[in-house]
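Step one of this worksheet: look at the structure below.
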Amino acid sequence: MAKQINVALIGNPNTGKTSVFNALTGLNQKVGNYPGITVEKKEGICKLPRGVKAHIIDLPGTYSLNASSLDENVVIELLLNKNDKDFPDVAVVVSDVENLKRNLLLYTQIKDLEIPTILVINMSDRMTYKGIKLDIPYLEQKLETKIALISTRKNRGIDELKEVIANYKELSVKPCLNASEIDTDYFDKLRKAFPNQLLYKLWLVITQDVNFGKVDRNQIDAIHSFKTKSEADLKRLQQKETIKRYQFINNTLKKGQTIDLNSAKDLRIKLDRILTHKVWGYLIFGIILLTIFQAIYDWSSVPMDFIDSAFASLSEWTKHLMPEGAFTNLIAEGIIPGLGGIVIFIPQIAFLFLFISVLEESGYMSRVVFLMDRIMRRFGLSGKSVVPLISGTACAIPAIMATRNIESWKERLITILVTPFTTCSARLPVYLIIISLVIPEGRFFGLSYQALTLMLLYLIGFGAAIVSAWILNKVLKIRSKTFFVVEMPNYKVPLLKNVALTVLEKTKSFVFGAGKIILAISIVLWFLASYGPGEQFNNAEDIVTQQHALDNLTQDELDQKIASHKLEHSFIGIAGHAIEPAIRPLGYDWKIGIAIVSSFAAREVFVGTLATIYSVGSDEEETIKNRMAGEVNPILGGPLFNFASGISLLLFYAFAMQCMSTLAIVKRETNSWKWPMYQLVIMSAFAYLVALIAYQFLK
Ligand code: GDP
Ligand code: MG
């Protein structure tokens, strides 16, 4: 059997690790999470020369081995734990040729761990433009390693890199500098106390507050008890260590690298000046955002309509083809529409991530983050929260997936929790029909009341998101580093391969991650709506036919009456009746109750359910509206949908967490049921309260 070797890709953020990973593994990759935390774990397989296979991990970007974030912990824990099944046989440090000095700090630290290490210098295509020249043999000798000078963009040097990885046994494991010179006595004592341990590992354990849970606990306690220096002294020593490393790097680069400063940097500076400008910057970003979301609406509507009708036909077709019965109904009315409810999200997810990854790849996103950070930070959000919050106006599903770019866990969690407040497109059909029923048609300074109401609802959505972010920021006790953008990457034309893989991977992770839950809940909801206990449900046909025996109804009208009767006596119908006492103070009756319960599948189902209950065909919007307008409040008399109950419903839908798909994606992205359940309970309770107050106040 061919031996498989473990390779870990390590490096500063934005050096091209993921690009190298993509170049090495192509489509042989999978993305998961590290156990228990939500840091993304990318692994893949690469075939090396001479039949060697490599298992490659793309580790999170890290500036050094002095951990300050969740992501960096992952890297350290792996490198210190020889028993981890992913422990690398060879570490590949990816650096970018334009920032060698900063990148090499991490490299020298990893060398101290005495793992065979390769230095990849990526983006070699930028060297001529930047006037950079490297003396590779000299650098290899000084840095005690093999260097692969590559460009993933131009696909240069990848084969050579594979060759070097395959020959990893020839690599030196010698550190390239002696960091223990910063305090020789202390390190000698350490070495004597733990003769079998790597000196640098001891040092990391002593100086860091990392969760070394996976490393042998007894050992760690023993090492910690050896802390003979005060915290302040240790801090000072750490600073000395960093200075020492930079001295070494500076000396090495003085000879190994020459930079001809006459090369052009102008374009970048000019672009930065405009794109991060106090006025133009926001304006340009606003225009780009608008264009993107317009495009998402426009471009997705075609495939979404297609998916919608394709699944409807498939369901029809299955019904015709298979023998009548419960099993056929399960497939045709439960499973197929359930799958359709998953696939329908794919166009929006794909388009959003197409744009996001182009913005990221081009380097523009870093400017946006820089711009928006100033504002968002005040609310406990990150500059990167802007994209999810705005994308939420299309749909919360892709929006919540887009929070993965936020490095700080706390900011990411807050963004995930508040995004469902933004008005997604599924609320629109509900808003539109209720607004047209209860808001008068007049105009106010040329603006129609109805349009103003709709706009107000959007603003309320954003407002609720921002305010709750601010509150969560105060309430949540999560220690998590906020990320400062140290350096802005250069502008680049996006790599098609990276963009394509991002889109593919996001779509896959939605379909297989959240898809399962969505399918399960939609089957349950289908079951509850299509079955019921007792005579009224089971003999619906006979009962309704008898009731209307003298009414001279067409077959269509009769079918609609039967469907309505069945829904009323199905389990969901019973639930609708059961919650009536609770929702009557909000101005609703049991019919609205049924519509609320079923719209948990997706908010827009509200209108269709009412259509079924009022036994009108669901495509005739005017008829539904007329029917709704004619409904009488069973207790108070007068129209059921009046100003008070209409506003109450609008507010309820603005705030309630009425969407199983969102809950599913939040579960997937936070890796626990805790957060989606909080969302469900708190948002729904709040929605109830607001709707209650509104109705009682207005009625
Ligand atoms: P990571 O953060 O380390 O995973 O880096 P990525 O792989 O996401 O790449 C960061 C940026 O560098 C992206 O915009 C890439 O398109 C770009 N990039 C990656 N490799 C190259 C390269 O060889 N040449 C150039 N010019 N840009 C590259
Ligand atoms: Mg990456």
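Ligands are numbered from 1 in the order shown, residues from 1 within each chain, and chains are lettered A, B, ... in the order they appear in the structure tokens.
Near ligand 1, the residues found within 6 Å are Pro13, Asn14, Thr15, Gly16, Lys17, Thr18, Ser19, Asn122, Met123, Asp125, Arg126, Ser151, Thr152, Arg153, Glu361, Ser362, Gly363, Pro494 and Leu495 of chain A (criterion computed using only C-alpha atoms and all ligand atoms).
For segment 593-599 of chain A, the set of protein, DNA and RNA residues having any atom at most 9 Å away, when counting only C-alpha atoms and skipping those fewer than 6 positions along the same chain, is Leu525, Ala529, Leu567, Glu568, Ile572, Gly573, Ile574, Ala575, Gly576, His577, Ala578, Ile579, Glu580, Ile583, Val605, Phe606, Val607, Gly608, Thr609, Leu610, Ile613, Gln658 and Cys659 of chain A.
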Take the residues from that selection and put them in a file with N, CA, C and O atoms, as a compact mmCIF listing (two decimals), in the first residue's frame.
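This went into part38.txt:
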# COMPACT_ATOMS: atom_id res chain seq x y z
N LEU A 525 -43.98 18.88 8.56
CA LEU A 525 -45.06 19.85 8.35
C LEU A 525 -46.06 19.34 7.33
O LEU A 525 -47.27 19.53 7.47
N ALA A 529 -50.06 18.67 7.96
CA ALA A 529 -51.09 19.35 7.18
C ALA A 529 -51.93 18.36 6.38
O ALA A 529 -53.03 18.69 5.96
N LEU A 567 -57.85 20.80 5.63
CA LEU A 567 -56.81 21.56 6.31
C LEU A 567 -57.29 21.98 7.70
O LEU A 567 -56.57 21.89 8.69
N GLU A 568 -58.57 22.39 7.79
CA GLU A 568 -59.08 22.84 9.08
C GLU A 568 -59.03 21.72 10.11
O GLU A 568 -58.78 21.97 11.29
N ILE A 572 -52.33 20.37 11.73
CA ILE A 572 -51.97 21.80 11.73
C ILE A 572 -53.20 22.64 12.01
O ILE A 572 -53.15 23.62 12.76
N GLY A 573 -54.34 22.22 11.40
CA GLY A 573 -55.58 22.95 11.63
C GLY A 573 -55.95 22.94 13.10
O GLY A 573 -56.37 23.96 13.67
N ILE A 574 -55.76 21.78 13.72
CA ILE A 574 -56.05 21.67 15.14
C ILE A 574 -55.13 22.58 15.95
O ILE A 574 -55.55 23.27 16.88
N ALA A 575 -53.86 22.62 15.51
CA ALA A 575 -52.91 23.52 16.19
C ALA A 575 -53.38 24.96 16.03
O ALA A 575 -53.32 25.76 16.97
N GLY A 576 -53.84 25.31 14.82
CA GLY A 576 -54.33 26.66 14.58
C GLY A 576 -55.48 27.01 15.52
O GLY A 576 -55.51 28.09 16.11
N HIS A 577 -56.41 26.05 15.66
CA HIS A 577 -57.52 26.26 16.60
C HIS A 577 -57.00 26.40 18.02
O HIS A 577 -57.46 27.25 18.78
N ALA A 578 -56.04 25.53 18.34
CA ALA A 578 -55.56 25.48 19.73
C ALA A 578 -54.90 26.79 20.13
O ALA A 578 -55.01 27.22 21.27
N ILE A 579 -54.19 27.43 19.18
CA ILE A 579 -53.50 28.65 19.59
C ILE A 579 -54.41 29.87 19.51
O ILE A 579 -54.01 30.97 19.85
N GLU A 580 -55.65 29.66 19.08
CA GLU A 580 -56.52 30.83 18.92
C GLU A 580 -56.63 31.70 20.18
O GLU A 580 -56.51 32.92 20.09
N ILE A 583 -53.69 33.94 20.34
CA ILE A 583 -53.47 34.98 19.34
C ILE A 583 -54.67 35.92 19.19
O ILE A 583 -54.61 36.88 18.45
N VAL A 605 -45.59 31.04 2.53
CA VAL A 605 -46.66 30.05 2.57
C VAL A 605 -47.93 30.61 3.21
O VAL A 605 -49.03 30.14 2.97
N PHE A 606 -47.76 31.67 4.01
CA PHE A 606 -48.89 32.33 4.68
C PHE A 606 -50.04 32.59 3.72
O PHE A 606 -51.19 32.24 3.99
N VAL A 607 -49.71 33.23 2.59
CA VAL A 607 -50.76 33.62 1.64
C VAL A 607 -51.44 32.39 1.05
O VAL A 607 -52.66 32.30 0.99
N GLY A 608 -50.63 31.41 0.64
CA GLY A 608 -51.18 30.20 0.05
C GLY A 608 -52.09 29.44 1.01
O GLY A 608 -53.14 28.92 0.63
N THR A 609 -51.68 29.41 2.28
CA THR A 609 -52.49 28.68 3.25
C THR A 609 -53.84 29.36 3.44
O THR A 609 -54.88 28.70 3.50
N LEU A 610 -53.81 30.69 3.52
CA LEU A 610 -55.09 31.40 3.65
C LEU A 610 -55.97 31.10 2.44
O LEU A 610 -57.17 30.91 2.57
N ILE A 613 -57.57 27.82 2.99
CA ILE A 613 -58.59 27.88 4.03
C ILE A 613 -59.85 28.57 3.52
O ILE A 613 -60.96 28.15 3.78
N GLN A 658 -39.73 33.07 11.73
CA GLN A 658 -40.71 32.18 11.11
C GLN A 658 -40.06 31.46 9.93
O GLN A 658 -40.52 31.60 8.81
N CYS A 659 -38.98 30.73 10.13
CA CYS A 659 -38.35 30.15 8.95
C CYS A 659 -37.48 28.98 9.37
O CYS A 659 -36.44 29.15 9.99
Can you tell me which residues come within 12 Å of ligand 2 when counting only C-alpha atoms and all ligand atoms, ideally as a VMD selection string?
-> chain A and resid 9 to 22 31 39 to 43 57 to 62 71 94 357 360 to 361 404 to 405 407 498 501 to 502
Contacts of Phe571 of chain A at 8 Å (only C-alpha atoms; same-chain gap of 4+ positions) as a list in words | Leu528, Ala529, Ser530, Tyr531, Gly532, Pro533 and Ala575 of chain A
Next, write the just-selected residues to a file, as a PDB file, in the first residue's frame, keeping N, CA, C and O atoms as the atom set.
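Just written: again.pdb:
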ATOM      1  N   LEU A 528     -48.269  16.885   9.054  1.00  0.00           N
ATOM      2  CA  LEU A 528     -49.242  17.520   9.942  1.00  0.00           C
ATOM      3  C   LEU A 528     -50.366  18.205   9.172  1.00  0.00           C
ATOM      4  O   LEU A 528     -51.485  18.306   9.652  1.00  0.00           O
ATOM      5  N   ALA A 529     -50.056  18.668   7.958  1.00  0.00           N
ATOM      6  CA  ALA A 529     -51.086  19.353   7.180  1.00  0.00           C
ATOM      7  C   ALA A 529     -51.928  18.363   6.384  1.00  0.00           C
ATOM      8  O   ALA A 529     -53.033  18.686   5.960  1.00  0.00           O
ATOM      9  N   SER A 530     -51.416  17.158   6.146  1.00  0.00           N
ATOM     10  CA  SER A 530     -52.167  16.229   5.292  1.00  0.00           C
ATOM     11  C   SER A 530     -52.828  15.105   6.054  1.00  0.00           C
ATOM     12  O   SER A 530     -53.457  14.249   5.457  1.00  0.00           O
ATOM     13  N   TYR A 531     -52.625  15.049   7.355  1.00  0.00           N
ATOM     14  CA  TYR A 531     -53.295  14.028   8.136  1.00  0.00           C
ATOM     15  C   TYR A 531     -53.990  14.658   9.320  1.00  0.00           C
ATOM     16  O   TYR A 531     -53.606  15.725   9.779  1.00  0.00           O
ATOM     17  N   GLY A 532     -55.017  13.976   9.760  1.00  0.00           N
ATOM     18  CA  GLY A 532     -55.701  14.502  10.925  1.00  0.00           C
ATOM     19  C   GLY A 532     -56.427  13.365  11.610  1.00  0.00           C
ATOM     20  O   GLY A 532     -56.673  12.322  10.998  1.00  0.00           O
ATOM     21  N   PRO A 533     -56.772  13.555  12.865  1.00  0.00           N
ATOM     22  CA  PRO A 533     -57.477  12.506  13.581  1.00  0.00           C
ATOM     23  C   PRO A 533     -58.975  12.658  13.321  1.00  0.00           C
ATOM     24  O   PRO A 533     -59.450  13.744  12.991  1.00  0.00           O
ATOM     25  N   ALA A 575     -53.857  22.621  15.512  1.00  0.00           N
ATOM     26  CA  ALA A 575     -52.915  23.519  16.186  1.00  0.00           C
ATOM     27  C   ALA A 575     -53.378  24.962  16.026  1.00  0.00           C
ATOM     28  O   ALA A 575     -53.321  25.756  16.971  1.00  0.00           O
TER      29      ALA A 575
END
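Among the candidates A:Leu457, A:Ile434, A:Trp203, A:Leu79, the one nearest to Asn626 of chain A when counting only C-alpha atoms is A:Ile434.
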